[in-house]
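File shown: upload.cif (mmCIF, C-alpha atoms).
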data_data
loop_
_atom_site.group_PDB
_atom_site.id
_atom_site.type_symbol
_atom_site.label_atom_id
_atom_site.label_comp_id
_atom_site.auth_asym_id
_atom_site.auth_seq_id
_atom_site.Cartn_x
_atom_site.Cartn_y
_atom_site.Cartn_z
ATOM 1 C CA MET A 663 -109.930 -80.737 -2.541
ATOM 2 C CA SER A 664 -106.176 -80.453 -2.104
ATOM 3 C CA ALA A 665 -105.808 -80.099 -5.877
ATOM 4 C CA THR A 666 -108.144 -77.090 -5.713
ATOM 5 C CA VAL A 667 -106.117 -75.569 -2.877
ATOM 6 C CA LEU A 668 -102.932 -76.125 -4.888
ATOM 7 C CA LEU A 669 -104.541 -74.578 -7.984
ATOM 8 C CA ILE A 670 -105.865 -71.469 -6.258
ATOM 9 C CA GLY A 671 -102.936 -71.019 -3.864
ATOM 10 C CA GLY A 672 -100.410 -71.585 -6.638
ATOM 11 C CA CYS A 673 -102.079 -69.130 -9.007
ATOM 12 C CA ALA A 674 -102.358 -66.524 -6.233
ATOM 13 C CA LEU A 675 -98.696 -66.870 -5.254
ATOM 14 C CA VAL A 676 -97.216 -66.727 -8.765
ATOM 15 C CA THR A 677 -99.429 -63.773 -9.657
ATOM 16 C CA ALA A 678 -98.460 -61.847 -6.509
ATOM 17 C CA PHE A 679 -94.779 -62.617 -7.081
ATOM 18 C CA ILE A 680 -94.798 -61.514 -10.727
ATOM 19 C CA LYS A 681 -96.622 -58.291 -9.879
ATOM 20 C CA ALA A 682 -94.182 -57.516 -7.037
ATOM 21 C CA VAL A 683 -90.902 -57.953 -8.946
ATOM 22 C CA GLY A 684 -90.860 -54.656 -10.861
ATOM 23 C CA PRO A 685 -92.066 -52.420 -8.007
ATOM 24 C CA VAL A 686 -89.608 -53.950 -5.519
ATOM 25 C CA ALA A 687 -86.641 -53.831 -7.899
ATOM 26 C CA LEU A 688 -87.209 -50.340 -9.304
ATOM 27 C CA GLY A 689 -89.263 -48.497 -6.684
ATOM 28 C CA GLY A 690 -88.640 -44.789 -6.397
ATOM 29 C CA ARG A 691 -85.730 -44.930 -8.804
ATOM 30 C CA GLU A 692 -85.355 -42.457 -11.613
ATOM 31 C CA LEU A 693 -85.080 -44.296 -14.884
ATOM 32 C CA PRO A 694 -82.771 -42.915 -17.559
ATOM 33 C CA GLU A 695 -84.765 -40.615 -19.789
ATOM 34 C CA ARG A 696 -84.327 -42.895 -22.779
ATOM 35 C CA PHE A 697 -86.348 -45.613 -21.069
ATOM 36 C CA THR A 698 -89.349 -43.441 -20.280
ATOM 37 C CA GLY A 699 -90.150 -43.473 -24.006
ATOM 38 C CA VAL A 700 -90.026 -47.270 -23.941
ATOM 39 C CA ILE A 701 -92.352 -47.443 -20.947
ATOM 40 C CA ALA A 702 -94.881 -45.103 -22.530
ATOM 41 C CA LEU A 703 -95.036 -47.402 -25.569
ATOM 42 C CA MET A 704 -95.498 -50.612 -23.586
ATOM 43 C CA ALA A 705 -99.252 -50.164 -23.238
ATOM 44 C CA PRO A 706 -99.962 -50.117 -27.005
ATOM 45 C CA ALA A 707 -97.603 -53.075 -27.562
ATOM 46 C CA LEU A 708 -99.086 -55.235 -24.802
ATOM 47 C CA LEU A 709 -102.716 -54.329 -25.446
ATOM 48 C CA ALA A 710 -102.419 -54.997 -29.177
ATOM 49 C CA ALA A 711 -100.831 -58.372 -28.442
ATOM 50 C CA LEU A 712 -103.591 -59.252 -25.976
ATOM 51 C CA VAL A 713 -106.272 -58.370 -28.510
ATOM 52 C CA VAL A 714 -104.859 -60.296 -31.465
ATOM 53 C CA THR A 715 -103.988 -63.405 -29.442
ATOM 54 C CA ALA A 716 -107.513 -63.462 -28.005
ATOM 55 C CA VAL A 717 -109.282 -62.854 -31.306
ATOM 56 C CA LEU A 718 -107.093 -64.452 -33.970
ATOM 57 C CA ALA A 719 -105.704 -67.471 -32.112
ATOM 58 C CA ASP A 720 -107.373 -70.661 -30.966
ATOM 59 C CA GLY A 721 -104.834 -72.510 -28.823
ATOM 60 C CA ASP A 722 -101.680 -72.650 -30.953
ATOM 61 C CA ARG A 723 -103.497 -72.148 -34.280
ATOM 62 C CA LEU A 724 -104.441 -68.917 -35.977
ATOM 63 C CA ALA A 725 -108.186 -68.894 -36.528
ATOM 64 C CA LEU A 726 -110.981 -66.495 -37.430
ATOM 65 C CA GLY A 727 -114.373 -66.910 -35.788
ATOM 66 C CA PRO A 728 -117.592 -65.109 -34.933
ATOM 67 C CA ASP A 729 -115.747 -63.442 -32.048
ATOM 68 C CA THR A 730 -113.287 -61.910 -34.533
ATOM 69 C CA ALA A 731 -116.138 -60.132 -36.316
ATOM 70 C CA GLY A 732 -117.826 -59.244 -33.039
ATOM 71 C CA VAL A 733 -114.710 -57.650 -31.583
ATOM 72 C CA ALA A 734 -114.074 -55.788 -34.840
ATOM 73 C CA ALA A 735 -117.618 -54.389 -34.638
ATOM 74 C CA GLY A 736 -117.000 -53.426 -31.012
ATOM 75 C CA GLY A 737 -113.769 -51.732 -32.015
ATOM 76 C CA LEU A 738 -115.600 -49.671 -34.615
ATOM 77 C CA VAL A 739 -118.081 -48.558 -31.966
ATOM 78 C CA ALA A 740 -115.279 -47.708 -29.517
ATOM 79 C CA TRP A 741 -113.538 -45.676 -32.199
ATOM 80 C CA ARG A 742 -116.694 -43.705 -33.065
ATOM 81 C CA THR A 743 -118.159 -43.296 -29.571
ATOM 82 C CA GLU A 744 -115.175 -43.752 -27.207
ATOM 83 C CA SER A 745 -117.509 -45.785 -24.989
ATOM 84 C CA ILE A 746 -116.005 -48.957 -23.556
ATOM 85 C CA ILE A 747 -119.365 -50.281 -22.416
ATOM 86 C CA SER A 748 -120.943 -49.878 -25.880
ATOM 87 C CA CYS A 749 -117.864 -51.517 -27.340
ATOM 88 C CA VAL A 750 -118.059 -54.677 -25.223
ATOM 89 C CA VAL A 751 -121.848 -54.938 -25.490
ATOM 90 C CA VAL A 752 -121.781 -54.642 -29.299
ATOM 91 C CA ALA A 753 -118.930 -57.164 -29.456
ATOM 92 C CA ALA A 754 -120.844 -59.677 -27.345
ATOM 93 C CA VAL A 755 -124.158 -59.177 -29.182
ATOM 94 C CA VAL A 756 -122.634 -59.425 -32.672
ATOM 95 C CA THR A 757 -120.654 -62.526 -31.660
ATOM 96 C CA ALA A 758 -123.757 -64.146 -30.169
ATOM 97 C CA LEU A 759 -125.871 -63.328 -33.255
ATOM 98 C CA LEU A 760 -123.260 -64.725 -35.639
ATOM 99 C CA ARG A 761 -123.043 -67.922 -33.579
ATOM 100 C CA ALA A 762 -126.833 -68.212 -33.529
ATOM 101 C CA ILE A 763 -127.145 -68.066 -37.323
ATOM 102 C CA SER A 764 -124.079 -70.149 -38.186
ATOM 103 C CA MET B 931 -91.770 -23.784 -21.104
ATOM 104 C CA PRO B 932 -92.273 -21.247 -18.266
ATOM 105 C CA VAL B 933 -89.344 -21.031 -15.869
ATOM 106 C CA GLY B 934 -90.091 -22.016 -12.261
ATOM 107 C CA ALA B 935 -93.238 -23.858 -13.231
ATOM 108 C CA PRO B 936 -92.077 -27.355 -14.118
ATOM 109 C CA GLU B 937 -94.556 -29.534 -15.950
ATOM 110 C CA GLN B 938 -95.612 -31.408 -12.816
ATOM 111 C CA ALA B 939 -97.907 -34.254 -13.821
ATOM 112 C CA ARG B 940 -101.172 -34.021 -11.931
ATOM 113 C CA GLU B 941 -101.794 -36.831 -9.443
ATOM 114 C CA SER B 942 -105.418 -37.947 -9.369
ATOM 115 C CA SER B 943 -107.202 -38.850 -6.151
ATOM 116 C CA PHE B 944 -108.381 -42.347 -5.277
ATOM 117 C CA ALA B 945 -111.963 -41.171 -5.889
ATOM 118 C CA ASP B 946 -110.975 -39.978 -9.389
ATOM 119 C CA GLY B 947 -109.630 -43.474 -10.010
ATOM 120 C CA VAL B 948 -112.815 -45.130 -8.792
ATOM 121 C CA ARG B 949 -114.854 -42.898 -11.098
ATOM 122 C CA ALA B 950 -112.592 -43.535 -14.069
ATOM 123 C CA GLY B 951 -112.774 -47.270 -13.330
ATOM 124 C CA ILE B 952 -116.575 -47.546 -13.678
ATOM 125 C CA PRO B 953 -116.665 -48.663 -17.343
ATOM 126 C CA PHE B 954 -113.789 -51.084 -16.771
ATOM 127 C CA ALA B 955 -115.513 -52.474 -13.700
ATOM 128 C CA ILE B 956 -118.753 -53.067 -15.612
ATOM 129 C CA ALA B 957 -116.980 -54.792 -18.505
ATOM 130 C CA GLY B 958 -114.798 -56.801 -16.127
ATOM 131 C CA GLY B 959 -117.860 -57.764 -14.110
ATOM 132 C CA LEU B 960 -119.567 -59.172 -17.208
ATOM 133 C CA LEU B 961 -116.432 -61.112 -18.012
ATOM 134 C CA SER B 962 -116.181 -62.523 -14.503
ATOM 135 C CA VAL B 963 -119.759 -63.796 -14.745
ATOM 136 C CA SER B 964 -118.551 -66.021 -17.562
ATOM 137 C CA PHE B 965 -115.551 -67.014 -15.443
ATOM 138 C CA GLY B 966 -117.922 -68.184 -12.713
ATOM 139 C CA VAL B 967 -119.743 -70.338 -15.271
ATOM 140 C CA VAL B 968 -116.610 -71.706 -16.953
ATOM 141 C CA ALA B 969 -114.943 -72.535 -13.627
ATOM 142 C CA GLN B 970 -117.893 -74.638 -12.573
ATOM 143 C CA GLU B 971 -117.957 -76.417 -15.919
ATOM 144 C CA ALA B 972 -114.296 -77.265 -15.243
ATOM 145 C CA GLY B 973 -115.300 -78.902 -11.970
ATOM 146 C CA LEU B 974 -114.573 -76.149 -9.450
ATOM 147 C CA SER B 975 -117.178 -75.551 -6.757
ATOM 148 C CA ALA B 976 -118.949 -72.208 -6.610
ATOM 149 C CA VAL B 977 -116.973 -71.315 -3.477
ATOM 150 C CA ALA B 978 -113.658 -72.263 -5.145
ATOM 151 C CA ALA B 979 -114.473 -70.077 -8.174
ATOM 152 C CA ILE B 980 -115.288 -67.080 -5.966
ATOM 153 C CA VAL B 981 -112.216 -67.577 -3.752
ATOM 154 C CA MET B 982 -110.034 -67.875 -6.857
ATOM 155 C CA SER B 983 -111.280 -64.539 -8.198
ATOM 156 C CA ALA B 984 -110.838 -62.919 -4.785
ATOM 157 C CA VAL B 985 -107.244 -64.069 -4.205
ATOM 158 C CA VAL B 986 -105.856 -64.305 -7.760
ATOM 159 C CA PHE B 987 -107.645 -61.316 -9.395
ATOM 160 C CA ALA B 988 -106.073 -61.836 -12.826
ATOM 161 C CA GLY B 989 -108.716 -62.621 -15.427
ATOM 162 C CA SER B 990 -106.770 -64.044 -18.324
ATOM 163 C CA ALA B 991 -104.617 -66.204 -16.016
ATOM 164 C CA GLN B 992 -107.696 -67.555 -14.271
ATOM 165 C CA PHE B 993 -109.300 -68.490 -17.579
ATOM 166 C CA ALA B 994 -106.072 -70.151 -18.733
ATOM 167 C CA ALA B 995 -105.661 -72.137 -15.510
ATOM 168 C CA VAL B 996 -109.259 -73.307 -15.465
ATOM 169 C CA ALA B 997 -109.096 -74.302 -19.148
ATOM 170 C CA ILE B 998 -106.214 -76.646 -18.314
ATOM 171 C CA ILE B 999 -108.149 -78.196 -15.420
ATOM 172 C CA ALA B 1000 -111.135 -78.638 -17.755
ATOM 173 C CA GLU B 1001 -108.947 -80.528 -20.213
ATOM 174 C CA GLY B 1002 -107.853 -82.878 -17.418
ATOM 175 C CA GLY B 1003 -104.513 -81.198 -16.694
ATOM 176 C CA THR B 1004 -102.898 -81.103 -13.259
ATOM 177 C CA ALA B 1005 -103.019 -78.181 -10.836
ATOM 178 C CA GLY B 1006 -99.268 -77.741 -11.367
ATOM 179 C CA ALA B 1007 -99.707 -77.377 -15.139
ATOM 180 C CA ALA B 1008 -102.512 -74.886 -14.550
ATOM 181 C CA VAL B 1009 -100.312 -72.778 -12.253
ATOM 182 C CA VAL B 1010 -97.515 -72.756 -14.848
ATOM 183 C CA ALA B 1011 -99.991 -71.596 -17.497
ATOM 184 C CA ALA B 1012 -101.241 -68.857 -15.188
ATOM 185 C CA ALA B 1013 -97.661 -67.714 -14.569
ATOM 186 C CA LEU B 1014 -96.941 -67.542 -18.312
ATOM 187 C CA VAL B 1015 -100.132 -65.642 -19.055
ATOM 188 C CA ASN B 1016 -99.293 -63.240 -16.214
ATOM 189 C CA SER B 1017 -95.709 -62.793 -17.362
ATOM 190 C CA ARG B 1018 -96.720 -59.511 -19.046
ATOM 191 C CA PHE B 1019 -97.052 -58.087 -15.519
ATOM 192 C CA LEU B 1020 -93.237 -58.256 -15.293
ATOM 193 C CA PRO B 1021 -92.590 -55.499 -17.854
ATOM 194 C CA MET B 1022 -95.700 -53.670 -16.629
ATOM 195 C CA GLY B 1023 -94.328 -53.756 -13.056
ATOM 196 C CA VAL B 1024 -90.907 -52.607 -14.227
ATOM 197 C CA ALA B 1025 -92.591 -49.676 -15.965
ATOM 198 C CA LEU B 1026 -94.618 -48.827 -12.857
ATOM 199 C CA GLY B 1027 -91.798 -49.296 -10.310
ATOM 200 C CA PRO B 1028 -90.189 -45.834 -10.505
ATOM 201 C CA SER B 1029 -93.577 -44.177 -9.865
ATOM 202 C CA LEU B 1030 -94.123 -45.984 -6.529
ATOM 203 C CA ARG B 1031 -93.078 -44.703 -3.093
ATOM 204 C CA GLY B 1032 -92.411 -46.447 0.228
ATOM 205 C CA GLY B 1033 -90.418 -49.462 1.359
ATOM 206 C CA ALA B 1034 -90.036 -52.718 -0.526
ATOM 207 C CA VAL B 1035 -92.989 -54.427 1.179
ATOM 208 C CA SER B 1036 -95.227 -51.431 0.582
ATOM 209 C CA ARG B 1037 -94.192 -51.245 -3.067
ATOM 210 C CA ALA B 1038 -94.781 -54.983 -3.506
ATOM 211 C CA ALA B 1039 -98.281 -54.462 -2.105
ATOM 212 C CA GLN B 1040 -98.913 -51.470 -4.382
ATOM 213 C CA GLY B 1041 -97.764 -53.596 -7.309
ATOM 214 C CA GLN B 1042 -100.647 -55.998 -6.652
ATOM 215 C CA THR B 1043 -103.055 -53.341 -7.894
ATOM 216 C CA VAL B 1044 -101.776 -53.748 -11.453
ATOM 217 C CA VAL B 1045 -104.430 -55.059 -13.795
ATOM 218 C CA ASP B 1046 -104.308 -54.347 -17.516
ATOM 219 C CA ALA B 1047 -107.038 -51.728 -17.685
ATOM 220 C CA SER B 1048 -105.895 -49.689 -14.675
ATOM 221 C CA TRP B 1049 -102.268 -49.898 -15.692
ATOM 222 C CA ALA B 1050 -103.058 -48.583 -19.181
ATOM 223 C CA LEU B 1051 -105.344 -45.895 -17.730
ATOM 224 C CA ALA B 1052 -102.696 -44.723 -15.251
ATOM 225 C CA SER B 1053 -99.878 -44.758 -17.802
ATOM 226 C CA ARG B 1054 -98.837 -41.208 -18.707
ATOM 227 C CA GLU B 1055 -97.175 -40.182 -21.928
ATOM 228 C CA ASP B 1056 -93.997 -39.214 -20.050
ATOM 229 C CA GLY B 1057 -93.548 -42.792 -18.786
ATOM 230 C CA SER B 1058 -94.742 -42.098 -15.234
ATOM 231 C CA PHE B 1059 -97.906 -43.456 -13.647
ATOM 232 C CA ASP B 1060 -100.862 -41.785 -11.941
ATOM 233 C CA ARG B 1061 -101.216 -43.797 -8.719
ATOM 234 C CA GLY B 1062 -104.638 -42.420 -7.817
ATOM 235 C CA LEU B 1063 -106.052 -43.667 -11.108
ATOM 236 C CA LEU B 1064 -104.288 -47.017 -10.688
ATOM 237 C CA PHE B 1065 -105.403 -47.732 -7.125
ATOM 238 C CA GLY B 1066 -108.927 -46.337 -7.443
ATOM 239 C CA SER B 1067 -109.856 -48.040 -10.691
ATOM 240 C CA SER B 1068 -108.324 -51.346 -9.581
ATOM 241 C CA ALA B 1069 -110.245 -51.256 -6.297
ATOM 242 C CA LEU B 1070 -113.558 -50.915 -8.116
ATOM 243 C CA GLN B 1071 -112.596 -53.608 -10.618
ATOM 244 C CA TYR B 1072 -111.667 -55.922 -7.755
ATOM 245 C CA VAL B 1073 -115.159 -55.564 -6.327
ATOM 246 C CA SER B 1074 -116.922 -56.106 -9.657
ATOM 247 C CA TRP B 1075 -114.613 -59.012 -10.564
ATOM 248 C CA THR B 1076 -115.423 -60.836 -7.337
ATOM 249 C CA VAL B 1077 -119.140 -60.026 -7.378
ATOM 250 C CA GLY B 1078 -119.423 -61.020 -11.064
ATOM 251 C CA THR B 1079 -117.782 -64.364 -10.355
ATOM 252 C CA LEU B 1080 -120.205 -64.880 -7.495
ATOM 253 C CA ALA B 1081 -123.157 -64.151 -9.793
ATOM 254 C CA GLY B 1082 -121.828 -66.483 -12.475
ATOM 255 C CA ALA B 1083 -121.075 -69.254 -9.992
ATOM 256 C CA ILE B 1084 -124.515 -69.088 -8.388
ATOM 257 C CA TRP B 1085 -126.807 -68.269 -11.324
ATOM 258 C CA GLY B 1086 -124.616 -69.387 -14.198
ATOM 259 C CA GLU B 1087 -126.676 -72.453 -15.035
ATOM 260 C CA LYS B 1088 -129.678 -70.276 -15.767
ATOM 261 C CA LEU B 1089 -127.590 -68.065 -18.044
ATOM 262 C CA GLY B 1090 -126.714 -70.844 -20.420
ATOM 263 C CA ASP B 1091 -123.595 -71.256 -22.526
ATOM 264 C CA PRO B 1092 -121.295 -68.197 -22.148
ATOM 265 C CA GLU B 1093 -120.097 -68.660 -25.742
ATOM 266 C CA ALA B 1094 -123.645 -68.614 -27.119
ATOM 267 C CA LEU B 1095 -124.075 -65.284 -25.330
ATOM 268 C CA GLY B 1096 -120.862 -63.968 -26.867
ATOM 269 C CA LEU B 1097 -119.360 -63.326 -23.426
ATOM 270 C CA ASP B 1098 -115.935 -64.500 -24.620
ATOM 271 C CA ALA B 1099 -115.825 -61.487 -26.970
ATOM 272 C CA ILE B 1100 -115.926 -59.089 -24.011
ATOM 273 C CA TYR B 1101 -112.309 -59.563 -22.979
ATOM 274 C CA PRO B 1102 -110.677 -58.763 -26.349
ATOM 275 C CA ALA B 1103 -113.209 -56.000 -27.081
ATOM 276 C CA PHE B 1104 -112.370 -54.443 -23.730
ATOM 277 C CA PHE B 1105 -108.652 -54.401 -24.544
ATOM 278 C CA LEU B 1106 -109.286 -53.124 -28.046
ATOM 279 C CA ALA B 1107 -111.165 -50.146 -26.586
ATOM 280 C CA LEU B 1108 -108.241 -49.492 -24.219
ATOM 281 C CA LEU B 1109 -105.798 -49.795 -27.084
ATOM 282 C CA LEU B 1110 -107.652 -47.176 -29.146
ATOM 283 C CA VAL B 1111 -107.306 -44.745 -26.236
ATOM 284 C CA GLU B 1112 -103.571 -45.449 -26.035
ATOM 285 C CA ILE B 1113 -102.888 -44.816 -29.705
ATOM 286 C CA LYS B 1114 -102.197 -41.107 -29.500
ATOM 287 C CA SER B 1115 -99.463 -40.924 -32.140
ATOM 288 C CA ARG B 1116 -98.330 -42.603 -35.347
ATOM 289 C CA ARG B 1117 -95.469 -44.039 -33.369
ATOM 290 C CA ALA B 1118 -97.839 -45.671 -30.857
ATOM 291 C CA LEU B 1119 -99.824 -47.048 -33.784
ATOM 292 C CA GLY B 1120 -96.666 -48.519 -35.294
ATOM 293 C CA VAL B 1121 -95.642 -50.083 -31.971
ATOM 294 C CA ALA B 1122 -99.124 -51.579 -31.553
ATOM 295 C CA ALA B 1123 -98.916 -53.097 -35.042
ATOM 296 C CA LEU B 1124 -95.444 -54.446 -34.319
ATOM 297 C CA GLY B 1125 -96.564 -55.917 -30.986
ATOM 298 C CA ALA B 1126 -99.517 -57.585 -32.681
ATOM 299 C CA LEU B 1127 -97.287 -59.048 -35.402
ATOM 300 C CA ILE B 1128 -94.764 -60.398 -32.878
ATOM 301 C CA ALA B 1129 -97.534 -62.015 -30.842
ATOM 302 C CA LEU B 1130 -99.214 -63.589 -33.882
ATOM 303 C CA ALA B 1131 -95.908 -64.920 -35.206
ATOM 304 C CA LEU B 1132 -95.240 -66.646 -31.871
ATOM 305 C CA VAL B 1133 -98.719 -68.119 -31.339
ATOM 306 C CA PRO B 1134 -98.015 -71.353 -33.271
ATOM 307 C CA VAL B 1135 -94.677 -72.009 -31.564
ATOM 308 C CA ALA B 1136 -94.809 -70.637 -27.987
ATOM 309 C CA PRO B 1137 -97.010 -71.546 -24.987
ATOM 310 C CA ALA B 1138 -99.953 -69.263 -24.201
ATOM 311 C CA GLY B 1139 -98.876 -65.996 -22.599
ATOM 312 C CA VAL B 1140 -95.347 -65.965 -24.016
ATOM 313 C CA PRO B 1141 -96.387 -64.257 -27.298
ATOM 314 C CA VAL B 1142 -97.821 -61.330 -25.320
ATOM 315 C CA LEU B 1143 -94.750 -61.092 -23.080
ATOM 316 C CA VAL B 1144 -92.367 -61.005 -26.049
ATOM 317 C CA ALA B 1145 -94.589 -58.473 -27.833
ATOM 318 C CA SER B 1146 -93.686 -55.949 -25.121
ATOM 319 C CA LEU B 1147 -90.262 -55.748 -26.811
ATOM 320 C CA ALA B 1148 -91.958 -53.702 -29.550
ATOM 321 C CA ALA B 1149 -91.858 -50.815 -27.060
ATOM 322 C CA LEU B 1150 -88.050 -50.719 -27.457
ATOM 323 C CA VAL B 1151 -88.784 -48.593 -30.515
ATOM 324 C CA GLY B 1152 -89.063 -45.862 -27.877
ATOM 325 C CA LEU B 1153 -85.255 -45.928 -27.443
ATOM 326 C CA HIS B 1154 -85.078 -43.894 -30.604
ATOM 327 C CA ARG B 1155 -85.966 -40.318 -29.949
ATOM 328 C CA ALA B 1156 -89.127 -39.173 -31.653
ATOM 329 C CA ALA B 1157 -88.542 -36.766 -34.503
ATOM 330 C CA ARG B 1158 -89.364 -33.267 -33.394
#
Rewrite the structure of this file - the entire thing - as structure tokens.
Amino acid sequence: MSATVLLIGGCALVTAFIKAVGPVALGGRELPERFTGVIALMAPALLAALVVTAVLADGDRLALGPDTAGVAAGGLVAWRTESIISCVVVAAVVTALLRAIS
Amino acid sequence: MPVGAPEQARESSFADGVRAGIPFAIAGGLLSVSFGVVAQEAGLSAVAAIVMSAVVFAGSAQFAAVAIIAEGGTAGAAVVAAALVNSRFLPMGVALGPSLRGGAVSRAAQGQTVVDASWALASREDGSFDRGLLFGSSALQYVSWTVGTLAGAIWGEKLGDPEALGLDAIYPAFFLALLLVEIKSRRALGVAALGALIALALVPVAPAGVPVLVASLAALVGLHRAAR
């Protein structure tokens, strides 16, 4: 039980701390104009990294799998329809189908 | 630009944020169902899984921590993994900081509302953040994340294997959809490609989470002024 408390409490504390650092350090401050361009580009950089590490990596190896194809199919749907729900549903269904037949 | 009418970015209301958060909340809810199942397979009780979602509220970190427990790792190792996976919230918080008001404690509390989807949604092209969108969409996602975990923890056994259902594809598909919204210029596309390359290059050599953190450096391309 105490290991569970340590796990959940520890995860909650580190997460809260990490999320608080930036707002506490930089709150209400005007950043130099040069940096606003950097901030605006952080979302594409971080999101792209999240996607490829989730889809193309398995632990510390690079690997393709049914989920790679499923997410690609979902991406196509998101691009054509701009619907996030359709995107995730198609990704899950295609992934599940490919796993079922492989 | 008209004199006397500065381009004041519109601030959305909390309700606008809640409305904008509906698709994210549904996708996140589906994902958290699979978290409820995976957490129990790793040996957590249903109550522990639900409490974890309610107090941690960081999907990828929760999955990473529980995966380490499932492999027989210690709670300490799981917390370290969660911290690394969450390290991307450092640059995200730095980006958000200037847009927040109030004292340090209040800003620290407002910072807790950062989750990937809301942060990306609230991010404006001028580098500022729409707080209404951030708070509202995160609030709804918090509810669906907790309720989804509850559903997965209670009824997960009847659902079967989350992988066979393709539920693990939801998380990356969700971020891919967000990414497509963010790519509004060739420059953003280039930064996304650079971020992806950095992350992939680091996957074989760095612990989980670090590749994504380092990929945020791709945004430094923004130091160069865009050609007009």
Taking only residues of segment 663-746 of chain A that have an atom at most 12 Å from an atom of segment 1082-1094 of chain B, what is each one's shortest atom pair and its distance in Å to one decimal, using all atoms listed in the file, in chain and number order, as CSV?
residue,atom,partner,partner_atom,distance
A:Gly727,CA,B:Glu1093,CA,11.7
A:Pro728,CA,B:Glu1093,CA,10.2
A:Asp729,CA,B:Glu1093,CA,9.3
Subject >> Picked residues, the PyMOL selection byres ((chain B and resi 985-988) around 7), as a PyMOL selection string >> reply: (chain A and resi 673-674+677) or (chain B and resi 981-984+989-992+1072)
Original post:
Separation of atom CA of Ser962 of chain B and atom CA of Thr1079 of chain B, in Å?
Top reply: 4.8 Å
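In this model, the gap between atom CA of Arg1031 of chain B and atom CA of Leu1063 of chain B comes to 15.3 Å.
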Original post:
If we count all atoms listed in the file, what is near segment 696-710 of chain A at a cut-off of 9 Å, once residues fewer than 6 positions away on the same chain are taken out, given as a PyMOL selection string?
Top reply: chain B and resi 1018+1021-1022+1024-1026+1046+1049-1050+1053-1058+1105-1106+1108-1110+1112-1113+1117-1119+1121-1126+1129+1142-1156
Please dump the current selection as a tab-separated table (two decimals), in the coordinates of the input; keep C-alpha atoms.
chain	number	residue	atom	x	y	z
B	1018	ARG	CA	-96.72	-59.51	-19.05
B	1021	PRO	CA	-92.59	-55.50	-17.85
B	1022	MET	CA	-95.70	-53.67	-16.63
B	1024	VAL	CA	-90.91	-52.61	-14.23
B	1025	ALA	CA	-92.59	-49.68	-15.96
B	1026	LEU	CA	-94.62	-48.83	-12.86
B	1046	ASP	CA	-104.31	-54.35	-17.52
B	1049	TRP	CA	-102.27	-49.90	-15.69
B	1050	ALA	CA	-103.06	-48.58	-19.18
B	1053	SER	CA	-99.88	-44.76	-17.80
B	1054	ARG	CA	-98.84	-41.21	-18.71
B	1055	GLU	CA	-97.18	-40.18	-21.93
B	1056	ASP	CA	-94.00	-39.21	-20.05
B	1057	GLY	CA	-93.55	-42.79	-18.79
B	1058	SER	CA	-94.74	-42.10	-15.23
B	1105	PHE	CA	-108.65	-54.40	-24.54
B	1106	LEU	CA	-109.29	-53.12	-28.05
B	1108	LEU	CA	-108.24	-49.49	-24.22
B	1109	LEU	CA	-105.80	-49.80	-27.08
B	1110	LEU	CA	-107.65	-47.18	-29.15
B	1112	GLU	CA	-103.57	-45.45	-26.04
B	1113	ILE	CA	-102.89	-44.82	-29.70
B	1117	ARG	CA	-95.47	-44.04	-33.37
B	1118	ALA	CA	-97.84	-45.67	-30.86
B	1119	LEU	CA	-99.82	-47.05	-33.78
B	1121	VAL	CA	-95.64	-50.08	-31.97
B	1122	ALA	CA	-99.12	-51.58	-31.55
B	1123	ALA	CA	-98.92	-53.10	-35.04
B	1124	LEU	CA	-95.44	-54.45	-34.32
B	1125	GLY	CA	-96.56	-55.92	-30.99
B	1126	ALA	CA	-99.52	-57.58	-32.68
B	1129	ALA	CA	-97.53	-62.02	-30.84
B	1142	VAL	CA	-97.82	-61.33	-25.32
B	1143	LEU	CA	-94.75	-61.09	-23.08
B	1144	VAL	CA	-92.37	-61.00	-26.05
B	1145	ALA	CA	-94.59	-58.47	-27.83
B	1146	SER	CA	-93.69	-55.95	-25.12
B	1147	LEU	CA	-90.26	-55.75	-26.81
B	1148	ALA	CA	-91.96	-53.70	-29.55
B	1149	ALA	CA	-91.86	-50.82	-27.06
B	1150	LEU	CA	-88.05	-50.72	-27.46
B	1151	VAL	CA	-88.78	-48.59	-30.52
B	1152	GLY	CA	-89.06	-45.86	-27.88
B	1153	LEU	CA	-85.26	-45.93	-27.44
B	1154	HIS	CA	-85.08	-43.89	-30.60
B	1155	ARG	CA	-85.97	-40.32	-29.95
B	1156	ALA	CA	-89.13	-39.17	-31.65
**OP:** Name the residues that the PyMOL selection byres ((chain A and resi 743-760) around 9) pulls out of this structure, and write them as a PyMOL selection string.
**Re:** (chain A and resi 727-742+761-764) or (chain B and resi 953-954+956-957+1093-1104+1106-1108+1110-1111)
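Atom CA of Val1073 of chain B to atom CA of Val714 of chain A spans 27.6 Å [interatomic distance, one decimal].
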On this structure, the PyMOL selection byres ((chain B and resi 972) around 9) would catch which residues? List them as a compact mmCIF listing (two decimals) with C-alpha atoms, in the frame of the given file, sorted by chain and number.
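Wrote part_10.txt, looks like this:
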# COMPACT_ATOMS: atom_id res chain seq x y z
CA VAL B 967 -119.74 -70.34 -15.27
CA VAL B 968 -116.61 -71.71 -16.95
CA ALA B 969 -114.94 -72.54 -13.63
CA GLN B 970 -117.89 -74.64 -12.57
CA GLU B 971 -117.96 -76.42 -15.92
CA GLY B 973 -115.30 -78.90 -11.97
CA LEU B 974 -114.57 -76.15 -9.45
CA VAL B 996 -109.26 -73.31 -15.46
CA ALA B 997 -109.10 -74.30 -19.15
CA ILE B 998 -106.21 -76.65 -18.31
CA ILE B 999 -108.15 -78.20 -15.42
CA ALA B 1000 -111.14 -78.64 -17.76
CA GLU B 1001 -108.95 -80.53 -20.21
CA GLY B 1002 -107.85 -82.88 -17.42
